[in-house]
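Novice: my_file38.txt is reproduced in full below (compact mmCIF, C-alpha atoms and all ligand atoms).
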# COMPACT_ATOMS: atom_id res chain seq x y z
CA MET A 291 111.44 123.48 96.26
CA GLN A 292 114.95 123.14 94.84
CA THR A 293 117.60 125.17 96.71
CA SER A 294 121.33 125.58 96.41
CA ALA A 295 121.91 124.71 100.08
CA PRO A 296 124.64 122.10 100.68
CA THR A 297 123.19 118.58 100.87
CA ASP A 298 125.27 117.43 103.84
CA HIS A 299 122.53 118.41 106.31
CA ASP A 300 119.77 116.32 104.76
CA ASP A 301 119.47 114.05 107.82
CA LEU A 302 119.27 117.04 110.14
CA ARG A 303 116.63 118.63 107.92
CA ASP A 304 114.62 115.39 107.81
CA ALA A 305 114.68 115.12 111.62
CA MET A 306 113.65 118.76 112.02
CA ARG A 307 110.87 118.39 109.45
CA ALA A 308 109.51 115.35 111.28
CA LEU A 309 109.45 117.30 114.56
CA CYS A 310 107.93 120.42 112.97
CA ALA A 311 105.23 118.30 111.29
CA GLU A 312 103.93 117.42 114.77
CA PHE A 313 103.05 121.13 115.17
CA PRO A 314 100.84 121.95 112.19
CA ALA A 315 99.81 125.37 110.93
CA GLU A 316 96.78 125.50 113.27
CA TYR A 317 99.08 125.25 116.28
CA HIS A 318 101.22 128.26 115.31
CA ARG A 319 98.15 130.17 114.09
CA LYS A 320 96.42 129.77 117.45
CA HIS A 321 99.46 130.99 119.39
CA GLY A 322 99.91 133.85 116.91
CA ALA A 323 96.28 134.98 117.18
CA GLU A 324 96.19 134.68 120.97
CA GLU A 325 99.70 136.10 121.45
CA THR A 326 100.64 133.10 123.57
CA TYR A 327 103.94 131.28 123.79
CA PRO A 328 104.36 127.97 121.90
CA GLU A 329 105.55 126.19 125.04
CA GLU A 330 105.01 122.62 123.74
CA PHE A 331 106.94 123.33 120.54
CA VAL A 332 109.89 124.92 122.35
CA ASN A 333 109.89 122.03 124.85
CA ALA A 334 109.93 119.50 122.02
CA LEU A 335 112.88 121.29 120.37
CA THR A 336 114.70 121.36 123.72
CA LYS A 337 113.95 117.73 124.55
CA ALA A 338 115.23 116.61 121.16
CA GLY A 339 118.48 118.46 121.93
CA TRP A 340 118.21 120.97 119.08
CA MET A 341 118.37 124.05 121.30
CA ALA A 342 121.71 122.83 122.70
CA ALA A 343 123.25 122.36 119.26
CA MET A 344 126.07 124.84 119.82
CA ILE A 345 126.91 123.91 123.42
CA PRO A 346 130.14 121.85 123.44
CA GLU A 347 129.80 118.16 124.29
CA GLU A 348 131.82 118.54 127.49
CA TYR A 349 128.98 120.72 128.84
CA GLY A 350 126.22 118.37 127.69
CA GLY A 351 125.43 119.86 124.28
CA SER A 352 125.90 118.43 120.79
CA GLY A 353 128.96 120.51 119.90
CA LEU A 354 127.65 121.35 116.45
CA GLY A 355 128.60 124.42 114.46
CA LEU A 356 126.76 127.58 113.51
CA THR A 357 126.00 125.94 110.15
CA GLU A 358 123.93 123.18 111.77
CA ALA A 359 122.36 125.58 114.27
CA SER A 360 121.31 127.80 111.39
CA VAL A 361 119.72 124.83 109.57
CA ILE A 362 117.70 124.10 112.74
CA MET A 363 116.42 127.68 112.95
CA GLU A 364 115.75 127.82 109.20
CA GLU A 365 113.65 124.66 109.39
CA VAL A 366 111.54 126.05 112.25
CA ASN A 367 110.54 129.01 110.07
CA ARG A 368 110.29 126.97 106.89
CA GLY A 369 107.90 124.63 108.72
CA GLY A 370 105.54 127.53 109.47
CA GLY A 371 106.78 128.32 112.99
CA ASN A 372 108.69 131.29 114.35
CA ALA A 373 112.16 130.68 115.76
CA GLY A 374 111.95 134.14 117.37
CA HIS A 375 110.26 132.45 120.32
CA CYS A 376 113.41 130.54 121.20
CA HIS A 377 116.45 131.59 119.13
CA GLY A 378 117.86 133.55 122.09
CA GLN A 379 118.76 130.23 123.72
CA MET A 380 121.08 129.44 120.80
CA TYR A 381 123.12 132.64 120.78
CA ASN A 382 122.89 134.03 124.33
CA MET A 383 124.80 131.08 125.70
CA GLY A 384 127.72 132.17 123.42
CA THR A 385 128.40 135.10 125.78
CA LEU A 386 128.73 132.62 128.64
CA LEU A 387 130.70 130.08 126.61
CA HIS A 388 133.24 132.53 125.24
CA HIS A 389 133.59 134.96 128.13
CA GLY A 390 132.37 133.15 131.26
CA SER A 391 134.70 131.60 133.84
CA GLU A 392 135.08 127.81 133.94
CA GLU A 393 133.03 127.85 137.14
CA GLN A 394 130.17 129.75 135.47
CA LYS A 395 130.23 127.46 132.44
CA LYS A 396 130.09 124.34 134.63
CA LEU A 397 127.31 125.85 136.69
CA TYR A 398 125.02 126.92 133.84
CA LEU A 399 125.81 125.24 130.52
CA PRO A 400 124.88 121.62 131.39
CA LYS A 401 121.55 122.82 132.81
CA ILE A 402 120.93 124.96 129.72
CA ALA A 403 121.81 121.98 127.51
CA SER A 404 119.39 119.68 129.35
CA GLY A 405 116.61 122.28 129.25
CA GLU A 406 116.53 122.62 133.04
CA LEU A 407 117.42 126.30 132.61
CA ARG A 408 116.47 128.63 129.79
CA LEU A 409 118.80 131.48 128.87
CA GLN A 410 116.58 133.10 126.30
CA SER A 411 116.81 136.80 127.21
CA MET A 412 119.37 139.51 126.60
CA ALA A 413 118.80 143.05 127.86
CA VAL A 414 120.66 145.67 125.85
CA THR A 415 118.20 148.14 124.27
CA GLU A 416 117.05 151.18 126.28
CA PRO A 417 114.17 153.54 125.56
CA THR A 418 116.13 156.79 125.52
CA THR A 419 119.30 155.68 123.70
CA GLY A 420 118.18 153.01 121.19
CA THR A 421 120.87 151.89 118.77
CA ASP A 422 123.43 154.20 120.40
CA THR A 423 124.25 151.37 122.82
CA THR A 424 127.33 152.83 124.49
CA LYS A 425 125.20 155.70 125.85
CA LEU A 426 122.93 153.31 127.74
CA LYS A 427 121.98 154.61 131.17
CA THR A 428 121.38 151.50 133.28
CA THR A 429 124.03 151.45 135.99
CA ALA A 430 125.60 148.67 138.04
CA VAL A 431 127.33 149.93 141.18
CA ARG A 432 129.50 147.64 143.27
CA LYS A 433 128.51 147.42 146.95
CA GLY A 434 130.51 144.76 148.81
CA ASP A 435 129.94 141.39 147.21
CA LYS A 436 127.02 142.66 145.11
CA TYR A 437 126.24 144.98 142.22
CA VAL A 438 123.20 147.22 142.52
CA ILE A 439 121.34 147.78 139.27
CA ASN A 440 119.20 150.83 138.44
CA GLY A 441 117.72 151.85 135.12
CA GLN A 442 115.36 150.77 132.39
CA LYS A 443 115.39 148.54 129.30
CA VAL A 444 112.87 148.12 126.53
CA TRP A 445 111.91 145.38 124.05
CA ILE A 446 113.48 142.66 126.14
CA SER A 447 112.15 139.41 124.77
CA ARG A 448 111.17 136.07 126.32
CA ILE A 449 111.68 137.13 129.96
CA GLN A 450 108.53 135.30 131.03
CA HIS A 451 109.84 132.14 129.36
CA SER A 452 113.39 132.28 130.58
CA ASP A 453 115.23 131.54 133.82
CA LEU A 454 118.31 133.60 133.08
CA MET A 455 119.01 136.89 131.32
CA ILE A 456 122.19 138.50 130.03
CA LEU A 457 122.29 142.17 131.10
CA LEU A 458 124.52 144.97 129.78
CA ALA A 459 124.93 147.85 132.25
CA ARG A 460 127.37 150.69 132.84
CA THR A 461 129.84 150.14 135.70
CA THR A 462 131.97 153.25 135.03
CA PRO A 463 130.29 156.53 134.04
CA LEU A 464 130.68 157.50 130.38
CA ALA A 465 132.43 160.73 131.42
CA ASP A 466 135.20 158.71 133.17
CA VAL A 467 136.19 156.37 130.31
CA LYS A 468 138.61 156.95 127.43
CA ARG A 469 136.59 155.01 124.88
CA LYS A 470 132.81 155.12 125.01
CA SER A 471 132.67 151.32 124.65
CA ASP A 472 134.66 150.96 127.90
CA GLY A 473 133.00 150.88 131.31
CA LEU A 474 130.13 148.58 130.32
CA SER A 475 129.80 145.16 131.98
CA VAL A 476 127.81 142.00 131.41
CA PHE A 477 125.89 140.15 134.13
CA ILE A 478 123.86 137.02 134.29
CA VAL A 479 120.55 137.70 136.05
CA ASP A 480 118.56 134.97 137.79
CA LEU A 481 115.11 136.09 136.65
CA LYS A 482 113.09 134.19 139.24
CA GLN A 483 115.08 135.83 142.02
CA ALA A 484 115.04 139.27 140.41
CA MET A 485 111.34 139.49 139.59
CA GLY A 486 109.66 141.57 142.30
CA ASN A 487 112.96 142.07 144.16
CA GLY A 488 114.21 145.14 142.28
CA MET A 489 113.11 144.14 138.80
CA THR A 490 109.64 144.58 137.33
CA ILE A 491 108.41 144.10 133.79
CA GLN A 492 105.64 145.46 131.64
CA PRO A 493 104.74 143.33 128.60
CA ILE A 494 104.48 145.17 125.25
CA SER A 495 101.70 144.02 122.94
CA ASN A 496 103.17 144.24 119.45
CA LEU A 497 102.83 143.55 115.72
CA VAL A 498 104.54 140.17 115.79
CA GLY A 499 102.94 138.65 118.89
CA HIS A 500 106.43 138.20 120.27
CA GLU A 501 106.78 138.05 124.07
CA THR A 502 108.72 141.23 124.78
CA ASN A 503 108.81 143.68 127.69
CA GLU A 504 109.75 146.96 129.26
CA VAL A 505 112.05 146.25 132.22
CA PHE A 506 112.56 148.47 135.27
CA PHE A 507 115.46 148.08 137.70
CA ASP A 508 115.11 149.68 141.11
CA ASN A 509 118.06 148.68 143.30
CA LEU A 510 118.18 145.12 141.98
CA GLU A 511 121.04 143.33 143.75
CA ILE A 512 123.12 140.84 141.78
CA PRO A 513 125.92 138.75 143.33
CA ALA A 514 129.30 140.02 142.09
CA GLU A 515 130.17 136.52 140.88
CA ASN A 516 127.43 136.87 138.26
CA MET A 517 129.58 139.22 136.20
CA ILE A 518 130.64 137.62 132.93
CA GLY A 519 134.17 138.50 131.80
CA GLU A 520 136.09 141.51 133.01
CA GLU A 521 134.47 144.58 134.56
CA GLY A 522 134.28 147.39 132.01
CA LYS A 523 134.89 145.11 129.00
CA GLY A 524 131.30 143.94 128.56
CA PHE A 525 130.61 145.70 125.28
CA ARG A 526 133.15 143.46 123.53
CA CYS A 527 131.57 140.32 125.07
CA ILE A 528 128.21 141.31 123.61
CA LEU A 529 129.69 142.30 120.23
CA SER A 530 131.44 138.97 119.84
CA GLY A 531 128.10 137.14 120.01
CA LEU A 532 126.42 139.29 117.40
CA ASN A 533 127.79 137.50 114.34
CA ALA A 534 126.14 134.25 115.44
CA GLU A 535 122.89 136.08 116.22
CA ARG A 536 122.81 137.82 112.84
CA THR A 537 123.62 134.66 110.91
CA LEU A 538 120.97 132.62 112.74
CA ILE A 539 118.37 135.29 112.06
CA ALA A 540 119.45 135.37 108.40
CA ALA A 541 118.75 131.61 108.30
CA GLU A 542 115.30 132.17 109.83
CA CYS A 543 114.55 134.74 107.12
CA ILE A 544 115.70 132.23 104.49
CA GLY A 545 113.29 129.70 106.04
CA ASP A 546 110.51 132.28 105.85
CA GLY A 547 111.47 133.10 102.24
CA TYR A 548 111.08 129.47 101.13
CA TRP A 549 107.86 129.11 103.13
CA PHE A 550 106.33 132.13 101.32
CA LEU A 551 107.54 130.93 97.93
CA GLU A 552 106.28 127.38 98.39
CA LYS A 553 102.91 128.68 99.51
CA ALA A 554 102.68 131.24 96.69
CA THR A 555 103.77 128.96 93.84
CA ALA A 556 101.34 126.25 94.94
CA TYR A 557 98.50 128.77 95.01
CA ALA A 558 99.53 130.36 91.69
CA GLY A 559 99.32 126.92 90.08
CA GLU A 560 95.86 126.18 91.48
CA ARG A 561 93.94 129.43 91.48
CA ILE A 562 91.94 129.81 88.25
CA VAL A 563 90.93 133.31 87.16
CA PHE A 564 90.04 134.19 83.54
CA ASP A 565 90.01 130.43 82.84
CA ARG A 566 93.69 129.89 83.55
CA PRO A 567 95.94 129.46 86.58
CA ILE A 568 97.05 132.90 87.75
CA GLY A 569 100.64 131.57 87.71
CA GLN A 570 100.45 131.37 83.91
CA ASN A 571 100.55 135.17 83.80
CA GLN A 572 104.05 136.61 83.69
CA GLY A 573 102.81 139.47 85.86
CA VAL A 574 102.38 136.86 88.62
CA GLN A 575 105.37 134.66 87.69
CA PHE A 576 108.09 137.29 87.53
CA PRO A 577 107.79 138.69 91.07
CA LEU A 578 107.88 135.09 92.37
CA ALA A 579 110.89 134.22 90.23
CA ARG A 580 112.72 137.37 91.35
CA ALA A 581 111.92 136.71 95.02
CA TYR A 582 113.26 133.15 94.63
CA VAL A 583 116.50 134.43 93.05
CA ASN A 584 117.00 136.82 95.96
CA VAL A 585 116.32 134.19 98.64
CA GLU A 586 118.80 131.87 96.94
CA ALA A 587 121.46 134.60 96.75
CA ALA A 588 120.97 135.47 100.43
CA ASN A 589 121.22 131.79 101.28
CA LEU A 590 124.69 131.58 99.74
CA MET A 591 125.90 134.50 101.87
CA ARG A 592 124.37 132.87 104.96
CA PHE A 593 126.33 129.65 104.34
CA GLU A 594 129.50 131.66 103.71
CA ALA A 595 129.03 133.44 107.07
CA CYS A 596 128.49 130.04 108.74
CA ARG A 597 131.54 128.51 107.05
CA ARG A 598 133.80 131.33 108.22
CA PHE A 599 132.36 131.34 111.76
CA ASP A 600 132.85 127.57 112.11
CA ALA A 601 136.40 127.84 110.74
CA GLY A 602 137.17 130.47 113.39
CA VAL A 603 137.78 133.15 110.74
CA ASP A 604 136.35 136.68 111.11
CA CYS A 605 132.85 136.70 109.62
CA GLY A 606 131.61 140.16 110.66
CA ALA A 607 131.11 141.35 107.08
CA GLN A 608 129.43 138.14 105.91
CA ALA A 609 127.15 137.88 108.98
CA ASN A 610 125.96 141.45 108.51
CA MET A 611 125.51 141.08 104.75
CA ALA A 612 123.68 137.77 105.19
CA LYS A 613 121.30 139.39 107.69
CA LEU A 614 120.57 142.31 105.36
CA LEU A 615 120.17 140.21 102.21
CA ALA A 616 118.03 137.58 103.94
CA ALA A 617 115.78 140.11 105.70
CA ASP A 618 115.22 141.93 102.39
CA ALA A 619 114.64 138.66 100.50
CA SER A 620 112.14 137.30 103.03
CA TRP A 621 110.28 140.60 103.07
CA GLU A 622 110.10 140.63 99.26
CA ALA A 623 108.90 137.00 99.27
CA ALA A 624 106.30 137.86 101.94
CA ASN A 625 104.95 140.77 99.95
CA THR A 626 104.86 138.75 96.74
CA CYS A 627 103.13 135.83 98.48
CA LEU A 628 100.47 138.16 99.88
CA GLN A 629 99.94 139.76 96.47
CA THR A 630 99.72 136.37 94.74
CA HIS A 631 96.94 135.32 97.13
CA GLY A 632 94.91 138.48 96.51
CA GLY A 633 92.22 138.91 99.16
CA PHE A 634 92.72 135.42 100.60
CA GLY A 635 96.22 136.41 101.75
CA PHE A 636 94.60 138.63 104.36
CA ALA A 637 92.64 135.78 105.98
CA GLN A 638 94.23 134.43 109.16
CA GLU A 639 93.58 130.84 108.12
CA TYR A 640 96.13 131.12 105.30
CA ASP A 641 98.89 132.02 107.81
CA ILE A 642 100.39 134.51 105.37
CA GLU A 643 99.44 137.64 107.30
CA ARG A 644 101.04 136.19 110.45
CA LYS A 645 104.29 135.20 108.75
CA PHE A 646 104.24 138.53 106.85
CA ARG A 647 104.20 140.44 110.16
CA GLU A 648 106.76 138.17 111.77
CA THR A 649 109.34 138.48 109.00
CA ARG A 650 108.94 142.27 108.88
CA LEU A 651 110.62 142.49 112.29
CA TYR A 652 113.99 141.62 110.80
CA GLN A 653 114.25 144.94 108.96
CA VAL A 654 114.52 146.51 112.43
CA ALA A 655 115.76 143.96 115.00
CA PRO A 656 118.16 142.90 116.30
CA ILE A 657 119.88 145.49 114.14
CA SER A 658 118.22 147.72 111.59
CA THR A 659 119.02 147.63 107.90
CA ASN A 660 120.43 151.18 108.05
CA LEU A 661 122.91 150.23 110.74
CA ILE A 662 124.14 147.28 108.66
CA LEU A 663 124.62 149.56 105.67
CA SER A 664 126.56 151.97 107.84
CA TYR A 665 128.75 149.05 109.05
CA VAL A 666 129.47 148.01 105.45
CA ALA A 667 130.18 151.63 104.40
CA GLU A 668 132.57 152.25 107.27
CA HIS A 669 134.23 148.90 107.95
CA ILE A 670 134.31 147.37 104.48
CA LEU A 671 134.35 150.31 102.11
CA GLY A 672 136.49 152.45 104.41
CA LEU A 673 134.18 155.48 104.23
CA PRO A 674 134.21 158.03 107.07
CA ARG A 675 132.29 157.10 110.22
CA SER A 676 128.91 158.79 110.11
CA PHE A 677 128.05 158.82 113.82
C1 LIG B 701 109.82 142.60 118.79
C2 LIG B 701 111.16 143.12 119.23
C3 LIG B 701 111.97 142.33 120.02
C4 LIG B 701 113.20 142.82 120.47
N1 LIG B 701 113.96 142.06 121.33
C5 LIG B 701 115.05 142.62 121.92
C6 LIG B 701 115.77 141.93 122.96
O1 LIG B 701 115.42 140.80 123.33
N2 LIG B 701 116.81 142.55 123.57
C7 LIG B 701 117.22 143.80 123.21
O2 LIG B 701 118.18 144.29 123.80
N3 LIG B 701 116.57 144.48 122.22
C8 LIG B 701 115.50 143.93 121.58
N4 LIG B 701 114.81 144.64 120.60
C9 LIG B 701 115.25 145.98 120.27
C10 LIG B 701 115.87 146.09 118.88
O3 LIG B 701 117.15 145.51 118.89
C11 LIG B 701 115.86 147.58 118.52
O4 LIG B 701 114.50 147.94 118.30
C12 LIG B 701 116.68 147.86 117.31
O5 LIG B 701 118.04 147.62 117.58
C13 LIG B 701 116.51 149.32 116.87
O6 LIG B 701 116.67 150.18 117.97
P1 LIG B 701 115.55 151.27 118.33
O7 LIG B 701 114.25 150.61 118.27
O8 LIG B 701 115.94 151.94 119.58
O9 LIG B 701 115.63 152.28 117.10
P2 LIG B 701 116.42 153.66 117.04
O10 LIG B 701 117.84 153.45 117.40
O11 LIG B 701 115.64 154.68 117.76
O12 LIG B 701 116.35 153.93 115.49
C14 LIG B 701 115.11 154.27 114.84
C15 LIG B 701 115.31 154.25 113.33
O13 LIG B 701 116.31 155.20 112.98
C16 LIG B 701 117.35 154.58 112.23
N5 LIG B 701 118.65 155.17 112.63
C17 LIG B 701 119.09 155.44 113.89
N6 LIG B 701 120.34 155.98 113.83
C18 LIG B 701 120.69 156.01 112.52
C19 LIG B 701 121.85 156.43 111.82
N7 LIG B 701 122.91 156.93 112.46
N8 LIG B 701 121.86 156.34 110.47
C20 LIG B 701 120.79 155.84 109.80
N9 LIG B 701 119.65 155.41 110.41
C21 LIG B 701 119.61 155.50 111.75
C22 LIG B 701 117.31 153.11 112.59
O14 LIG B 701 117.80 152.34 111.53
C23 LIG B 701 115.82 152.88 112.85
O15 LIG B 701 115.18 152.53 111.65
C24 LIG B 701 113.62 144.13 120.08
C25 LIG B 701 112.80 144.91 119.25
C26 LIG B 701 111.59 144.43 118.84
C27 LIG B 701 110.72 145.32 117.98
Translate this structure into C-alpha cells?
Specialist:
Amino acid sequence: MQTSAPTDHDDLRDAMRALCAEFPAEYHRKHGAEETYPEEFVNALTKAGWMAAMIPEEYGGSGLGLTEASVIMEEVNRGGGNAGHCHGQMYNMGTLLHHGSEEQKKLYLPKIASGELRLQSMAVTEPTTGTDTTKLKTTAVRKGDKYVINGQKVWISRIQHSDLMILLARTTPLADVKRKSDGLSVFIVDLKQAMGNGMTIQPISNLVGHETNEVFFDNLEIPAENMIGEEGKGFRCILSGLNAERTLIAAECIGDGYWFLEKATAYAGERIVFDRPIGQNQGVQFPLARAYVNVEAANLMRFEACRRFDAGVDCGAQANMAKLLAADASWEAANTCLQTHGGFGFAQEYDIERKFRETRLYQVAPISTNLILSYVAEHILGLPRSF
C-alpha cells in the first residue's frame, strides 16, 4: 500500500519485514487467544538489536533516533504483531539515559542493549488516583541506606517479562510541598529481588491479552542508590520520557491502521456478493478511503514529532497530537475493516477481532484521548486549566 512515509528507512523496513515474516499470523493468533507472551518474537527483536535502537553506541546500542525506533514499532504492528508486548523497553530506558547517573547508565544500559536485562515495566498508575498522577499514594521513606516502599499500583505491564521496573513514588507528603508535582521520586526496582520480598503482583486478565498486573508494596526495601535523578524531582523525569512513548505508540497505531486497510482492501476486492466485488460499492469504498486519508494524515504528524524530537526541539504538542490522531485513525480503520469483512471479521482466524481489541487500548492508555485534548486546549490554545 502506497504511503507518504519518507523513503530513507526502506532498508530498515525490509529488515524488519523479513524478521516479522518469520512469525506468521498463526503465531500471534495463538499467543493472543491463550493470553501468553510472544517470548520468541521479543527475543528475536532483541537479538537483532532492534530493541536497543535508541541506546547510544557508547552503551552498546545502535544510537538511532526516535524516527527509526518508531519505524521498528510500526513494522511490528503492520506485520500483524503487537508492539505493546515490548515497547516499554524502548522508552523506559530514556528515564535512565536522561536522568540516571553515569554509574547507573554504565551498570544497566549495556546489559539492556545486549538483552541480558529487560527494562520493560514502568509503575505510575494507581487504583484510587488514576490520571491525577501527582496525588499518587505510594510512599518511599528513607531509612539509612534504603528506601522503604508502601502502596499499590495498577495496570503495570510486562512485570513477569522484565528484570527491572521504573517506579514513581512519593518521598515528601503532598501537604509538605509547594507544587503538587514536587516530592515525587523515581526508582529502579530489581524485580527478581523485589518479588516476594515486599512486592507481590496479581495479574489482570483483560480485553487485549496484554500482560498487566496489580502491584502491592508492603515494606519493599530498595537501595538508596537506585534512585534515578534528584529526590523530589521524579515527576519531571517521567514527564520528559512521555513524548517518546506517545510518538512510538502513535507509530504502532499507524502500523495497525495500514494492517487493517491492507486486509480490508484485499478482501473488498475478492469477496463477491450480488455478482460483484463488495469493494465496487461506494458504500464499502468510501469508509476505506476515508480511513486511509486519516491514517496518512496521522502519519505525517508522527514523522513531524519524530523530526523535532531527534533535532532536540520541543515536540510535546506534536507527540500528543500524533498519539491522538493515530489512535483515532487506527480505531476508524479497525472498525471499517471489521465492517468490510461482515461476519467473517468476527472469526479469530482472520485476526481482525484481535487487532481490533488491541488497537482500542490506545484511546485510553498510556494517556486517554480526553487528557490529550485538555493538554492541547490548555498548553497550545491557552485556554484556562480545567483541573
Ligand atoms: C492494558 C493496560 C496497560 C497499562 N499499562 C500501564 C503501565 O505499564 N504502567 C502504568 O503506569 N499504567 C498503565 N496503564 C494505565 C493507563 O495509563 C491508565 O489506564 C490511563 O492513564 C487512564 O487512567 P485510569 O485508567 O486511571 O482512568 P481515570 O483517570 O480514572 O479516567 C477514567 C476516564 O475519565 C476520563 N477523565 C478523567 N479525568 C478527566 C478530566 N479532567 N477531563 C476529561 N476526562 C477525564 C479519562 O479520559 C478516562 O476516559 C495501563 C492500562 C491498561 C488498560
Novice: Let me have the centre and edge lengths in Å, one decimal, of the box along x, y and z around every listed atom of ligand LIG 701 (chain B) with 3 Å of margin on each side, as AutoDock Vina command-line options.
Specialist:
--center_x 116.4 --center_y 148.9 --center_z 116.8 --size_x 19.1 --size_y 22.1 --size_z 20.0
Novice: To one decimal place in Å, what is the distance between atom CA of Val654 of chain A and atom C12 of ligand LIG 701 (chain B)?
Specialist: 5.5 Å
Novice: Identify which of the residues A:Asp618, A:Asp422, A:Glu520, A:Glu515 lies closest to Ile478 of chain A, counting only C-alpha atoms when measuring atom-to-atom distances.
Specialist: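 The shortest atom-to-atom distance to Ile478 of chain A comes from A:Glu515.
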Novice: Report as a VMD selection string all protein, DNA and RNA residues lying within 12 Å of segment 333-335 of chain A, evaluated on all atoms listed in the file, omitting residues in the same chain fewer than 6 positions from it.
Specialist: chain A and resid 305 to 313 327 341 to 343 362 to 363 365 to 366 371 373 375 to 377 379 to 380 403 to 408 451
Novice: Write the residues of the preceding selection, restricted to C-alpha atoms, as an mmCIF file, in the coordinates of the input.
Specialist:
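The result, stored in result12.cif:
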data_model
loop_
_atom_site.group_PDB
_atom_site.id
_atom_site.type_symbol
_atom_site.label_atom_id
_atom_site.label_comp_id
_atom_site.auth_asym_id
_atom_site.auth_seq_id
_atom_site.Cartn_x
_atom_site.Cartn_y
_atom_site.Cartn_z
ATOM 1 C CA ALA A 305 114.680 115.120 111.620
ATOM 2 C CA MET A 306 113.650 118.760 112.020
ATOM 3 C CA ARG A 307 110.870 118.390 109.450
ATOM 4 C CA ALA A 308 109.510 115.350 111.280
ATOM 5 C CA LEU A 309 109.450 117.300 114.560
ATOM 6 C CA CYS A 310 107.930 120.420 112.970
ATOM 7 C CA ALA A 311 105.230 118.300 111.290
ATOM 8 C CA GLU A 312 103.930 117.420 114.770
ATOM 9 C CA PHE A 313 103.050 121.130 115.170
ATOM 10 C CA TYR A 327 103.940 131.280 123.790
ATOM 11 C CA MET A 341 118.370 124.050 121.300
ATOM 12 C CA ALA A 342 121.710 122.830 122.700
ATOM 13 C CA ALA A 343 123.250 122.360 119.260
ATOM 14 C CA ILE A 362 117.700 124.100 112.740
ATOM 15 C CA MET A 363 116.420 127.680 112.950
ATOM 16 C CA GLU A 365 113.650 124.660 109.390
ATOM 17 C CA VAL A 366 111.540 126.050 112.250
ATOM 18 C CA GLY A 371 106.780 128.320 112.990
ATOM 19 C CA ALA A 373 112.160 130.680 115.760
ATOM 20 C CA HIS A 375 110.260 132.450 120.320
ATOM 21 C CA CYS A 376 113.410 130.540 121.200
ATOM 22 C CA HIS A 377 116.450 131.590 119.130
ATOM 23 C CA GLN A 379 118.760 130.230 123.720
ATOM 24 C CA MET A 380 121.080 129.440 120.800
ATOM 25 C CA ALA A 403 121.810 121.980 127.510
ATOM 26 C CA SER A 404 119.390 119.680 129.350
ATOM 27 C CA GLY A 405 116.610 122.280 129.250
ATOM 28 C CA GLU A 406 116.530 122.620 133.040
ATOM 29 C CA LEU A 407 117.420 126.300 132.610
ATOM 30 C CA ARG A 408 116.470 128.630 129.790
ATOM 31 C CA HIS A 451 109.840 132.140 129.360
#
Novice: Please return as a PyMOL selection string the residues found within 10 Å of ligand LIG 701 (chain B), counting only C-alpha atoms and all ligand atoms.
Specialist: chain A and resi 374+378+410-423+443-449+455-458+494-503+648+650-664+675-677
Novice: Kindly indicate which residue among A:Gly522, A:Pro463, A:Pro674, A:Gly355 lies nearest to Phe593 of chain A, using all atoms listed in the file for the distances.
Specialist: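 Closest candidate: A:Gly355.
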